[in-house]
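**Student:** Compact mmCIF, N, CA and C atoms, saved as input_22.txt, coming up:
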# COMPACT_ATOMS: atom_id res chain seq x y z
N MET A 11 -4.49 -19.33 27.33
CA MET A 11 -4.28 -19.07 25.92
C MET A 11 -5.31 -19.87 25.14
N ALA A 12 -5.97 -19.20 24.20
CA ALA A 12 -6.99 -19.85 23.39
C ALA A 12 -6.38 -20.37 22.09
N THR A 13 -7.04 -21.35 21.51
CA THR A 13 -6.63 -21.86 20.20
C THR A 13 -7.71 -21.53 19.20
N HIS A 14 -7.30 -21.24 17.98
CA HIS A 14 -8.25 -20.85 16.93
C HIS A 14 -7.88 -21.57 15.64
N ALA A 15 -8.88 -21.77 14.81
CA ALA A 15 -8.65 -22.43 13.52
C ALA A 15 -7.80 -21.54 12.62
N LYS A 16 -6.89 -22.18 11.90
CA LYS A 16 -5.97 -21.44 11.04
C LYS A 16 -6.72 -20.66 9.96
N HIS A 17 -7.77 -21.22 9.40
CA HIS A 17 -8.49 -20.52 8.32
C HIS A 17 -9.16 -19.25 8.82
N ILE A 18 -9.57 -19.22 10.08
CA ILE A 18 -10.16 -18.00 10.65
C ILE A 18 -9.09 -16.93 10.81
N ILE A 19 -7.94 -17.31 11.31
CA ILE A 19 -6.83 -16.37 11.49
C ILE A 19 -6.37 -15.83 10.14
N ASP A 20 -6.24 -16.72 9.15
CA ASP A 20 -5.82 -16.30 7.81
C ASP A 20 -6.82 -15.33 7.19
N LYS A 21 -8.11 -15.61 7.38
CA LYS A 21 -9.15 -14.73 6.83
C LYS A 21 -9.07 -13.35 7.46
N LEU A 22 -8.94 -13.29 8.78
CA LEU A 22 -8.84 -12.01 9.48
C LEU A 22 -7.57 -11.25 9.09
N ALA A 23 -6.46 -11.98 8.96
CA ALA A 23 -5.20 -11.34 8.57
C ALA A 23 -5.29 -10.76 7.16
N ALA A 24 -5.93 -11.49 6.26
CA ALA A 24 -6.08 -11.00 4.88
C ALA A 24 -6.96 -9.75 4.86
N GLU A 25 -8.03 -9.76 5.62
CA GLU A 25 -8.91 -8.60 5.68
C GLU A 25 -8.20 -7.40 6.31
N LEU A 26 -7.38 -7.65 7.31
CA LEU A 26 -6.60 -6.58 7.92
C LEU A 26 -5.64 -5.96 6.90
N ASP A 27 -5.00 -6.79 6.09
CA ASP A 27 -4.09 -6.28 5.06
C ASP A 27 -4.83 -5.41 4.05
N VAL A 28 -6.02 -5.85 3.63
CA VAL A 28 -6.80 -5.09 2.64
C VAL A 28 -7.18 -3.73 3.21
N ARG A 29 -7.67 -3.73 4.43
CA ARG A 29 -8.11 -2.46 5.03
C ARG A 29 -6.92 -1.55 5.36
N HIS A 30 -5.79 -2.14 5.69
CA HIS A 30 -4.58 -1.34 5.93
C HIS A 30 -4.14 -0.66 4.63
N ASP A 31 -4.19 -1.39 3.53
CA ASP A 31 -3.83 -0.80 2.23
C ASP A 31 -4.76 0.34 1.86
N LYS A 32 -6.06 0.19 2.16
CA LYS A 32 -7.01 1.25 1.87
C LYS A 32 -6.72 2.49 2.72
N LEU A 33 -6.35 2.27 3.97
CA LEU A 33 -6.00 3.40 4.85
C LEU A 33 -4.76 4.11 4.34
N LYS A 34 -3.74 3.35 3.93
CA LYS A 34 -2.53 3.97 3.39
C LYS A 34 -2.83 4.75 2.13
N ALA A 35 -3.69 4.22 1.27
CA ALA A 35 -4.06 4.93 0.04
C ALA A 35 -4.77 6.23 0.36
N ALA A 36 -5.64 6.22 1.36
CA ALA A 36 -6.33 7.44 1.76
C ALA A 36 -5.35 8.47 2.31
N LEU A 37 -4.36 8.00 3.06
CA LEU A 37 -3.35 8.91 3.61
C LEU A 37 -2.45 9.49 2.53
N ASP A 38 -2.21 8.72 1.48
CA ASP A 38 -1.38 9.21 0.39
C ASP A 38 -2.05 10.34 -0.37
N GLY A 39 -3.38 10.31 -0.44
CA GLY A 39 -4.10 11.37 -1.13
C GLY A 39 -3.83 11.35 -2.62
N SER A 40 -3.97 12.51 -3.22
CA SER A 40 -3.74 12.61 -4.66
C SER A 40 -2.31 13.08 -4.92
N GLU A 41 -2.00 13.26 -6.15
CA GLU A 41 -0.64 13.62 -6.58
C GLU A 41 -0.14 14.87 -5.87
N PRO A 42 1.16 14.93 -5.63
CA PRO A 42 1.71 16.10 -4.95
C PRO A 42 1.53 17.38 -5.77
N ILE A 43 1.30 18.45 -5.05
CA ILE A 43 1.20 19.77 -5.67
C ILE A 43 2.42 20.54 -5.17
N TYR A 44 3.30 20.91 -6.09
CA TYR A 44 4.52 21.59 -5.69
C TYR A 44 4.26 23.06 -5.48
N ALA A 45 4.83 23.57 -4.41
CA ALA A 45 4.58 24.94 -3.99
C ALA A 45 5.24 25.93 -4.95
N HIS A 46 4.51 26.99 -5.23
CA HIS A 46 5.06 28.07 -6.04
C HIS A 46 5.33 29.29 -5.17
N ASP A 47 5.11 29.11 -3.89
CA ASP A 47 5.33 30.19 -2.93
C ASP A 47 6.84 30.38 -2.77
N SER A 48 7.30 31.58 -2.85
CA SER A 48 8.75 31.85 -2.77
C SER A 48 9.31 31.59 -1.37
N LEU A 49 8.45 31.53 -0.35
CA LEU A 49 8.93 31.31 1.00
C LEU A 49 9.17 29.82 1.30
N LYS A 50 8.61 28.95 0.48
CA LYS A 50 8.76 27.51 0.70
C LYS A 50 9.90 26.98 -0.16
N PRO A 51 10.61 25.97 0.30
CA PRO A 51 11.66 25.38 -0.52
C PRO A 51 11.09 24.80 -1.81
N LYS A 52 11.90 24.74 -2.85
CA LYS A 52 11.42 24.25 -4.15
C LYS A 52 10.99 22.79 -4.11
N HIS A 53 11.59 21.99 -3.23
CA HIS A 53 11.25 20.58 -3.16
C HIS A 53 10.00 20.33 -2.32
N TYR A 54 9.44 21.37 -1.71
CA TYR A 54 8.28 21.24 -0.83
C TYR A 54 7.06 20.88 -1.66
N ALA A 55 6.36 19.85 -1.24
CA ALA A 55 5.16 19.43 -1.95
C ALA A 55 4.04 19.18 -0.95
N GLU A 56 2.83 19.42 -1.38
CA GLU A 56 1.66 19.16 -0.56
C GLU A 56 0.78 18.15 -1.31
N ARG A 57 0.02 17.38 -0.54
CA ARG A 57 -0.90 16.41 -1.14
C ARG A 57 -2.33 16.83 -0.80
N SER A 58 -3.21 16.52 -1.70
CA SER A 58 -4.62 16.78 -1.47
C SER A 58 -5.24 15.53 -0.86
N ILE A 59 -5.72 15.66 0.38
CA ILE A 59 -6.28 14.53 1.10
C ILE A 59 -7.70 14.89 1.52
N LYS A 60 -8.65 14.02 1.17
CA LYS A 60 -10.04 14.25 1.53
C LYS A 60 -10.28 13.75 2.95
N SER A 61 -10.81 14.61 3.78
CA SER A 61 -11.08 14.23 5.17
C SER A 61 -12.11 13.11 5.25
N GLU A 62 -13.06 13.09 4.33
CA GLU A 62 -14.07 12.03 4.32
C GLU A 62 -13.43 10.68 4.05
N ASP A 63 -12.47 10.64 3.12
CA ASP A 63 -11.77 9.38 2.82
C ASP A 63 -11.00 8.88 4.03
N ILE A 64 -10.38 9.80 4.76
CA ILE A 64 -9.63 9.43 5.96
C ILE A 64 -10.57 8.87 7.02
N ARG A 65 -11.68 9.55 7.26
CA ARG A 65 -12.64 9.08 8.27
C ARG A 65 -13.17 7.70 7.93
N ILE A 66 -13.52 7.46 6.69
CA ILE A 66 -14.05 6.17 6.27
C ILE A 66 -12.99 5.09 6.43
N ALA A 67 -11.78 5.35 5.99
CA ALA A 67 -10.71 4.36 6.07
C ALA A 67 -10.34 4.04 7.52
N VAL A 68 -10.31 5.04 8.37
CA VAL A 68 -9.99 4.82 9.78
C VAL A 68 -11.10 4.02 10.46
N ASP A 69 -12.35 4.37 10.17
CA ASP A 69 -13.47 3.61 10.74
C ASP A 69 -13.44 2.16 10.28
N ASP A 70 -13.15 1.95 9.01
CA ASP A 70 -13.08 0.61 8.46
C ASP A 70 -11.96 -0.19 9.11
N PHE A 71 -10.81 0.45 9.30
CA PHE A 71 -9.67 -0.22 9.94
C PHE A 71 -9.99 -0.53 11.40
N GLN A 72 -10.66 0.40 12.05
CA GLN A 72 -11.05 0.19 13.45
C GLN A 72 -12.02 -0.98 13.56
N ASN A 73 -12.92 -1.11 12.59
CA ASN A 73 -13.88 -2.21 12.63
C ASN A 73 -13.21 -3.57 12.51
N ILE A 74 -12.21 -3.71 11.65
CA ILE A 74 -11.54 -5.01 11.54
C ILE A 74 -10.76 -5.30 12.81
N LEU A 75 -10.19 -4.29 13.44
CA LEU A 75 -9.50 -4.51 14.71
C LEU A 75 -10.47 -4.99 15.79
N LYS A 76 -11.66 -4.40 15.82
CA LYS A 76 -12.68 -4.83 16.77
C LYS A 76 -13.12 -6.26 16.48
N GLU A 77 -13.26 -6.59 15.20
CA GLU A 77 -13.65 -7.94 14.82
C GLU A 77 -12.58 -8.96 15.23
N ILE A 78 -11.33 -8.59 15.04
CA ILE A 78 -10.23 -9.48 15.46
C ILE A 78 -10.26 -9.66 16.97
N LYS A 79 -10.45 -8.57 17.68
CA LYS A 79 -10.50 -8.64 19.14
C LYS A 79 -11.67 -9.52 19.60
N ALA A 80 -12.83 -9.34 18.97
CA ALA A 80 -14.01 -10.12 19.36
C ALA A 80 -13.84 -11.59 19.02
N THR A 81 -13.20 -11.89 17.90
CA THR A 81 -13.06 -13.27 17.47
C THR A 81 -11.94 -13.98 18.18
N LEU A 82 -10.78 -13.35 18.22
CA LEU A 82 -9.59 -14.02 18.77
C LEU A 82 -9.37 -13.70 20.24
N GLY A 83 -10.04 -12.71 20.76
CA GLY A 83 -9.84 -12.32 22.14
C GLY A 83 -10.67 -13.12 23.12
N LYS A 84 -11.48 -14.02 22.60
CA LYS A 84 -12.31 -14.83 23.48
C LYS A 84 -11.49 -15.97 24.08
N ARG A 85 -11.82 -16.29 25.28
CA ARG A 85 -11.17 -17.46 25.93
C ARG A 85 -12.02 -18.67 25.65
N ARG A 86 -11.37 -19.74 25.37
CA ARG A 86 -12.08 -21.00 25.13
C ARG A 86 -11.76 -21.99 26.20
As structure tokens, how would this structure be written, given the file I've shared?
**Tutor:**
Amino acid sequence: MATHAKHIIDKLAAELDVRHDKLKAALDGSEPIYAHDSLKPKHYAERSIKSEDIRIAVDDFQNILKEIKATLGKRR
């Protein structure tokens, strides 16, 4: 088991939280668009989500996970 400085762990955890929030925001997309189609239930709503935003947010989240693995996954 390796030991790491608390400030490094706190910095990585804070960055993980920021990038997680960005990913959630990308997944939320824009305001719901309620269906006017008679075949769908009245409460049915769809969101507009940009695929580019999802790709960027996922890549960004993946990068912080790799950084955490590289930093904290080392044996000392």
**Student:** Would you pick out the contacts of stretch 30-44 of chain A at 6 Å or less, using only C-alpha atoms, so that residues sharing its chain but fewer than 2 positions from it are not included, and give the list as a VMD selection string?
**Tutor:** chain A and resid 26 to 28 55 to 59 63 to 64 67
**Student:** One decimal, Å: what's the distance from atom C of A:Arg29 over to atom N of A:Met11, could you say?
**Tutor:**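 These two atoms are separated by 28.4 Å.
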**Student:** Skip A:His14 itself and residues of its chain fewer than 4 positions away, then list as a PyMOL selection string all residues within 8 Å of it, counting all atoms listed in the file.
**Tutor:** chain A and resi 18-19+81-82
**Student:** With N, CA and C atoms retained, could you export that selection as an mmCIF file, in the frame of the given file?
**Tutor:**
data_model
loop_
_atom_site.group_PDB
_atom_site.id
_atom_site.type_symbol
_atom_site.label_atom_id
_atom_site.label_comp_id
_atom_site.auth_asym_id
_atom_site.auth_seq_id
_atom_site.Cartn_x
_atom_site.Cartn_y
_atom_site.Cartn_z
ATOM 1 N N ILE A 18 -9.570 -19.220 10.080
ATOM 2 C CA ILE A 18 -10.160 -18.000 10.650
ATOM 3 C C ILE A 18 -9.090 -16.930 10.810
ATOM 4 N N ILE A 19 -7.940 -17.310 11.310
ATOM 5 C CA ILE A 19 -6.830 -16.370 11.490
ATOM 6 C C ILE A 19 -6.370 -15.830 10.140
ATOM 7 N N THR A 81 -13.200 -11.890 17.900
ATOM 8 C CA THR A 81 -13.060 -13.270 17.470
ATOM 9 C C THR A 81 -11.940 -13.980 18.180
ATOM 10 N N LEU A 82 -10.780 -13.350 18.220
ATOM 11 C CA LEU A 82 -9.590 -14.020 18.770
ATOM 12 C C LEU A 82 -9.370 -13.700 20.240
#
**Student:** Enter the distance from atom C of A:Val68 to atom C of A:His17, in Å, rounded to one decimal.
**Tutor:**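 Calculated distance between atom C of A:Val68 and atom C of A:His17 is 23.4 Å.
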**Student:** Provide the atom CA of A:Gln72 to atom CA of A:Thr13 distance in Å, to one decimal place.
**Tutor:**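 So the two atoms, atom CA of A:Gln72 and atom CA of A:Thr13, lie 23.5 Å apart.
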